[in-house]
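See below for the structure under consideration.
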Amino acid sequence: MIISIALILANPVFAKEFERLAGDMESQYNIKRLSPKVINFVISFIKPIILFKGVTQFKIAAFENNNPDIVTSLEKLESVAGKSLGSEWKPFIGMQSNRKNSTSIIFLQTSRRNMRLLLTTIEEKTVALIHMKMSKRAIMKFMDDPESMAEEGIQ
């Protein structure tokens, strides 16, 4: 069983966008979502590892990959995710590797105080959606000195 992890903000508006994206990903790529009870159990173990100060509120949804031959183009992934997320989310960085048979896009949504990042990745055996909301202050501190953030966390 291959499991992919998605981070989702608890914001109700984003929750609707995320649910729409998760459903579209399931139907387009033949993946199946796992039970939220399993996800909450996993969260309790990984939360201290993945969060640093400046990253707020998340919930994990995981998918079982039923399609080991999964392949997509950058254009198709951008289209599927872009339609689901809406016009406030903009593609920020896109990467495609024919050698590794993978496609990834980071979507970005900004507000006055925060940034939201949504990484969508499709690989041969893995599909992942990762969402984070971070304060702009935390991001700027990370950009200035990424090593100290990794060692100490963002204050």
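By convention in this document, the chains of the structure tokens carry letters A, B, ... by their order, each chain's residues are numbered from 1, and ligands are numbered from 1 in the order they are shown.
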
*asked:* I'd like the neighbourhood of Gly94 of chain A as a ChimeraX atom specification, where a residue qualifies if any of its atoms comes within 8 Å (using only C-alpha atoms), though same-chain residues fewer than 2 positions away should be ignored.
replied: /A:74,91-92,96,103-106

*Do a neighbour search on Ile122 of chain A at 9 Å with only C-alpha atoms, toss out local chain neighbours closer than 5 positions, and write the hits as an NGL selection string.*
:A and (70-72 or 77 or 101-104 or 127-129)

*asked:* Quick check, in Å to one decimal: how far apart do atom CA of Ser97 of chain A and atom CA of Arg20 of chain A lie?
replied: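 So the answer is 26.5 Å.
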
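You can rank A:Lys76, A:Arg33, A:Lys16, A:Arg99 by their closest distance to Glu124 of chain A using only C-alpha atoms, and at the top of that list sits A:Arg99.
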
*Between A:Asn114, A:Ile93, A:Gly23, A:Leu119, which one has atoms that come closest to Met140 of chain A, using only C-alpha atoms?*
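Closest residue, counting only C-alpha atoms: A:Asn114.
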
*Would you work out the distance separating atom CA of Phe58 of chain A from atom CA of Ala22 of chain A, expressed in Å to one decimal?*
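Computing the Euclidean distance for atom CA of Phe58 of chain A and atom CA of Ala22 of chain A yields 15.2 Å.
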
_Residues near Ser87 of chain A, cut-off 12 Å, only C-alpha atoms, skip fewer than 3 positions along chain, as a ChimeraX atom specification_ = /A:17,79,81-84,90-91,107-109

*Would you mind reading off the distance between atom CA of Met132 of chain A and atom CA of Leu118 of chain A, one decimal, in Å?*
6.5 Å

Can you pull out every residue within 8 Å of Ile31 of chain A, counting only C-alpha atoms, but drop anything in the same chain fewer than 5 positions away, and send it as an mmCIF file with N, CA and C atoms, in the first residue's frame?
data_model
loop_
_atom_site.group_PDB
_atom_site.id
_atom_site.type_symbol
_atom_site.label_atom_id
_atom_site.label_comp_id
_atom_site.auth_asym_id
_atom_site.auth_seq_id
_atom_site.Cartn_x
_atom_site.Cartn_y
_atom_site.Cartn_z
ATOM 1 N N MET A 25 -8.530 14.679 -7.767
ATOM 2 C CA MET A 25 -7.327 13.849 -7.858
ATOM 3 C C MET A 25 -7.694 12.369 -7.807
ATOM 4 N N GLU A 26 -8.641 12.011 -6.918
ATOM 5 C CA GLU A 26 -9.089 10.612 -6.828
ATOM 6 C C GLU A 26 -9.638 10.124 -8.164
ATOM 7 N N PHE A 63 -3.880 9.038 0.874
ATOM 8 C CA PHE A 63 -4.471 8.303 -0.240
ATOM 9 C C PHE A 63 -3.728 7.001 -0.465
ATOM 10 N N GLU A 64 -4.475 5.966 -0.782
ATOM 11 C CA GLU A 64 -3.886 4.708 -1.219
ATOM 12 C C GLU A 64 -3.789 4.771 -2.737
ATOM 13 N N ASN A 65 -2.629 4.467 -3.268
ATOM 14 C CA ASN A 65 -2.426 4.526 -4.705
ATOM 15 C C ASN A 65 -2.873 3.218 -5.350
ATOM 16 N N ASN A 66 -3.913 3.292 -6.167
ATOM 17 C CA ASN A 66 -4.413 2.113 -6.877
ATOM 18 C C ASN A 66 -3.921 2.050 -8.313
ATOM 19 N N ASN A 67 -3.045 2.983 -8.665
ATOM 20 C CA ASN A 67 -2.612 3.086 -10.049
ATOM 21 C C ASN A 67 -1.085 3.182 -10.102
#

*Which residue, A:Trp89, A:Thr110, A:Arg116, A:Glu75, has the smallest gap to His131 of chain A when you use only C-alpha atoms?*
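Closest to His131 of chain A of all the choices is A:Arg116.
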